[in-house]
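Visitor: Once you've had a glance at the structure underneath, I'll fire off some questions.
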Amino acid sequence: MSRTFQHRVTPSAVASILMLAFLTLYFFWHRGEFHVIIAVILLVITTLVIERIIHTSYTLTDDGVLEINQGRFSSVRRLPLSDIVSVEVKKSLLGISNYVLIMYGANHFVSVQPDNEEAFIREIKKRQDDISK
């Protein structure tokens with residue numbers, strides 16, 4: 001049975017969305033020569049950031065694959081569980097939030113932020129054990 005984990009919304013992500021929204025409003029409010037163009041670009045960026053945060057999910061499929069879906073505007077990344085070498089929780093640079101670092105293949109890395117990190121790691125290890133049996 002497939003299991004899906006949702007992306008965790010961090011305080012830094014919320015702060016970046018608020019900053020982008022404020023800048024967008026500022027440039028729409030103060031109409032100058034290029035302010036409207038900058039505001040439209042910022043509006044598109046804000047929309048893409050919000051869409052990516054809301055629609056990111058991590059699915060462990062029945063056929064032994066971790067699918068990382070980062071929203072509607074990006075392709076789905078598929079990692080076979082048999083290629084995953086290590087999975088560990090790391091702290092971000094300023095220690096504000098945690099992320100899960102997945103090492104796979106020949107020194108390839110991907111970082112994910114599932115809502116329930118412990119259950120995510122436990123499920124990956126359980127499925128890897130099932131595959132190796």
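In the structure tokens, chains take letters A, B, ... by order of appearance, with residues numbered from 1 within each chain and ligands from 1 in the order shown.
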Just want the 12 Å neighbourhood of A:Val14, counted on only C-alpha atoms, with same-chain residues fewer than 3 positions away dropped. Output as an mmCIF file with C-alpha atoms, in the first residue's frame.
Guide:
```cif
data_model
loop_
_atom_site.group_PDB
_atom_site.id
_atom_site.type_symbol
_atom_site.label_atom_id
_atom_site.label_comp_id
_atom_site.auth_asym_id
_atom_site.auth_seq_id
_atom_site.Cartn_x
_atom_site.Cartn_y
_atom_site.Cartn_z
ATOM 1 C CA ARG A 8 6.048 20.558 6.477
ATOM 2 C CA VAL A 9 5.476 24.318 6.319
ATOM 3 C CA THR A 10 8.359 25.988 8.151
ATOM 4 C CA PRO A 11 8.498 29.459 9.730
ATOM 5 C CA ILE A 17 5.880 34.298 1.475
ATOM 6 C CA LEU A 18 4.984 37.298 3.630
ATOM 7 C CA MET A 19 8.046 39.209 2.444
ATOM 8 C CA LEU A 20 7.288 38.485 -1.213
ATOM 9 C CA ALA A 21 3.639 39.483 -0.719
ATOM 10 C CA THR A 46 4.949 34.386 -4.877
ATOM 11 C CA VAL A 49 6.411 29.532 -3.990
ATOM 12 C CA ILE A 50 2.978 29.097 -2.383
ATOM 13 C CA ILE A 53 4.885 24.645 -0.479
ATOM 14 C CA ILE A 54 1.259 23.531 -0.512
#
```
Visitor: A:Asn69: which residues within 10 Å, counting only C-alpha atoms, same-chain residues fewer than 4 positions away excluded, as a PyMOL selection string?
Guide: chain A and resi 6-7+52+55-59+73-78
Visitor: Quick one, how far is atom CA of A:Leu101 from atom CA of A:Glu51?
Guide: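 Interatomic distance, atom CA of A:Leu101 to atom CA of A:Glu51: 22.6 Å.
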Visitor: Taking 2 positions as the minimum chain separation for residues in the same chain, which residues sit within 12 Å of A:Ile38 when counting only C-alpha atoms? Answer as a VMD selection string.
Guide: chain A and resid 20 23 to 36 40 to 45
Visitor: Quick check, in Å to one decimal: how far apart do atom CA of A:Val89 and atom CA of A:Asp63 lie?
Guide: 24.8 Å
Visitor: Going by DSSP on the backbone, which residues of chain A come out as helix (DSSP H, G or I)? List them as a VMD selection string.
Guide: chain A and resid 11 to 29 35 to 55 81 to 83 117 to 132
Visitor: Using DSSP on the backbone coordinates, identify the residues of chain A assigned to strand (DSSP E); present them as a ChimeraX atom specification.
Guide: /A:3-6,56-60,65-70,77-80,84-91,98-104,108-112
Visitor: Can I get the selection written as a short mmCIF file (atom, residue, chain, number, x, y, z; two decimals), in the first residue's frame, with N, CA, C and O atoms?
Guide:
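What follows is the written file part11.cif:
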```cif
data_model
loop_
_atom_site.label_atom_id
_atom_site.label_comp_id
_atom_site.auth_asym_id
_atom_site.auth_seq_id
_atom_site.Cartn_x
_atom_site.Cartn_y
_atom_site.Cartn_z
N ARG A 3 2.07 5.03 0.73
CA ARG A 3 1.95 5.92 1.88
C ARG A 3 2.48 7.28 1.46
O ARG A 3 3.58 7.39 0.93
N THR A 4 1.69 8.32 1.72
CA THR A 4 2.05 9.68 1.33
C THR A 4 2.29 10.54 2.56
O THR A 4 1.50 10.52 3.50
N PHE A 5 3.38 11.29 2.53
CA PHE A 5 3.71 12.25 3.58
C PHE A 5 3.66 13.64 2.97
O PHE A 5 4.19 13.87 1.89
N GLN A 6 3.04 14.56 3.67
CA GLN A 6 2.94 15.94 3.21
C GLN A 6 4.17 16.73 3.63
O GLN A 6 4.85 16.40 4.59
N THR A 56 3.71 20.03 -2.30
CA THR A 56 4.82 19.09 -2.23
C THR A 56 4.42 17.90 -1.37
O THR A 56 3.88 18.05 -0.28
N SER A 57 4.69 16.71 -1.89
CA SER A 57 4.39 15.48 -1.15
C SER A 57 5.44 14.43 -1.46
O SER A 57 6.14 14.49 -2.47
N TYR A 58 5.55 13.48 -0.53
CA TYR A 58 6.52 12.40 -0.65
C TYR A 58 5.75 11.09 -0.54
O TYR A 58 5.14 10.83 0.49
N THR A 59 5.78 10.27 -1.60
CA THR A 59 4.99 9.04 -1.63
C THR A 59 5.92 7.84 -1.72
O THR A 59 6.78 7.78 -2.59
N LEU A 60 5.70 6.90 -0.82
CA LEU A 60 6.38 5.61 -0.87
C LEU A 60 5.41 4.64 -1.53
O LEU A 60 4.36 4.32 -0.98
N VAL A 65 9.51 2.54 -4.52
CA VAL A 65 10.03 3.80 -5.04
C VAL A 65 9.57 4.94 -4.14
O VAL A 65 8.42 4.96 -3.68
N LEU A 66 10.46 5.89 -3.89
CA LEU A 66 10.10 7.14 -3.22
C LEU A 66 9.88 8.18 -4.30
O LEU A 66 10.79 8.50 -5.06
N GLU A 67 8.64 8.67 -4.38
CA GLU A 67 8.30 9.71 -5.36
C GLU A 67 8.26 11.05 -4.65
O GLU A 67 7.50 11.23 -3.69
N ILE A 68 9.07 11.99 -5.12
CA ILE A 68 9.09 13.34 -4.57
C ILE A 68 8.41 14.25 -5.57
O ILE A 68 8.93 14.52 -6.65
N ASN A 69 7.21 14.71 -5.21
CA ASN A 69 6.42 15.56 -6.07
C ASN A 69 6.45 16.97 -5.49
O ASN A 69 5.93 17.21 -4.41
N GLN A 70 7.07 17.91 -6.20
CA GLN A 70 7.22 19.27 -5.69
C GLN A 70 6.27 20.24 -6.37
O GLN A 70 6.63 21.38 -6.66
N ARG A 77 10.18 13.31 -9.04
CA ARG A 77 11.49 12.66 -8.90
C ARG A 77 11.25 11.28 -8.28
O ARG A 77 10.61 11.17 -7.25
N ARG A 78 11.78 10.23 -8.91
CA ARG A 78 11.58 8.86 -8.45
C ARG A 78 12.91 8.27 -8.00
O ARG A 78 13.84 8.19 -8.80
N LEU A 79 12.98 7.87 -6.73
CA LEU A 79 14.18 7.25 -6.18
C LEU A 79 13.85 5.82 -5.75
O LEU A 79 13.01 5.62 -4.87
N PRO A 80 14.47 4.83 -6.34
CA PRO A 80 14.25 3.46 -5.87
C PRO A 80 14.77 3.31 -4.44
O PRO A 80 15.86 3.79 -4.11
N ILE A 84 18.79 3.86 -1.92
CA ILE A 84 18.99 4.75 -0.78
C ILE A 84 20.01 4.13 0.16
O ILE A 84 19.84 3.01 0.64
N VAL A 85 21.08 4.89 0.44
CA VAL A 85 22.16 4.41 1.29
C VAL A 85 21.93 4.82 2.74
O VAL A 85 22.09 4.01 3.65
N SER A 86 21.55 6.09 2.96
CA SER A 86 21.31 6.55 4.33
C SER A 86 20.22 7.61 4.35
O SER A 86 20.01 8.33 3.38
N VAL A 87 19.55 7.67 5.51
CA VAL A 87 18.49 8.65 5.75
C VAL A 87 18.72 9.19 7.15
O VAL A 87 18.73 8.43 8.10
N GLU A 88 18.91 10.50 7.26
CA GLU A 88 19.15 11.07 8.58
C GLU A 88 18.56 12.47 8.69
O GLU A 88 18.43 13.18 7.70
N VAL A 89 18.22 12.84 9.92
CA VAL A 89 17.66 14.16 10.20
C VAL A 89 18.81 15.13 10.42
O VAL A 89 19.75 14.84 11.16
N LYS A 90 18.75 16.28 9.78
CA LYS A 90 19.76 17.33 9.91
C LYS A 90 19.07 18.63 10.31
O LYS A 90 17.89 18.83 10.05
N LYS A 91 19.84 19.52 10.92
CA LYS A 91 19.33 20.86 11.24
C LYS A 91 19.74 21.82 10.13
O LYS A 91 20.80 21.66 9.52
N ASN A 98 14.32 21.54 10.83
CA ASN A 98 14.99 20.28 10.49
C ASN A 98 14.62 19.86 9.08
O ASN A 98 13.60 20.28 8.55
N TYR A 99 15.46 19.00 8.51
CA TYR A 99 15.14 18.38 7.24
C TYR A 99 15.72 16.98 7.24
O TYR A 99 16.57 16.64 8.06
N VAL A 100 15.24 16.16 6.35
CA VAL A 100 15.73 14.79 6.22
C VAL A 100 16.64 14.74 5.00
O VAL A 100 16.22 15.09 3.90
N LEU A 101 17.88 14.34 5.22
CA LEU A 101 18.85 14.22 4.14
C LEU A 101 18.91 12.77 3.70
O LEU A 101 19.18 11.88 4.51
N ILE A 102 18.65 12.53 2.42
CA ILE A 102 18.67 11.19 1.86
C ILE A 102 19.86 11.08 0.91
O ILE A 102 19.98 11.86 -0.03
N MET A 103 20.73 10.11 1.20
CA MET A 103 21.87 9.84 0.32
C MET A 103 21.53 8.60 -0.50
O MET A 103 21.12 7.58 0.06
N TYR A 104 21.68 8.71 -1.79
CA TYR A 104 21.36 7.59 -2.67
C TYR A 104 22.41 7.48 -3.78
O TYR A 104 23.08 8.46 -4.10
N HIS A 108 24.88 10.95 -4.22
CA HIS A 108 23.84 11.89 -4.60
C HIS A 108 23.00 12.17 -3.36
O HIS A 108 22.73 11.25 -2.57
N PHE A 109 22.57 13.40 -3.20
CA PHE A 109 21.80 13.78 -2.03
C PHE A 109 20.52 14.48 -2.44
O PHE A 109 20.48 15.18 -3.45
N VAL A 110 19.50 14.31 -1.61
CA VAL A 110 18.26 15.06 -1.76
C VAL A 110 17.76 15.35 -0.34
O VAL A 110 17.86 14.52 0.55
N SER A 111 17.26 16.56 -0.14
CA SER A 111 16.71 16.90 1.17
C SER A 111 15.20 17.06 1.05
O SER A 111 14.70 17.61 0.07
N VAL A 112 14.50 16.54 2.04
CA VAL A 112 13.05 16.61 2.08
C VAL A 112 12.62 17.09 3.47
O VAL A 112 13.38 16.97 4.43
#
```
Visitor: Atom CA of A:Ser132 and atom CA of A:Asp83 are how many Å apart?
Guide: 11.7 Å
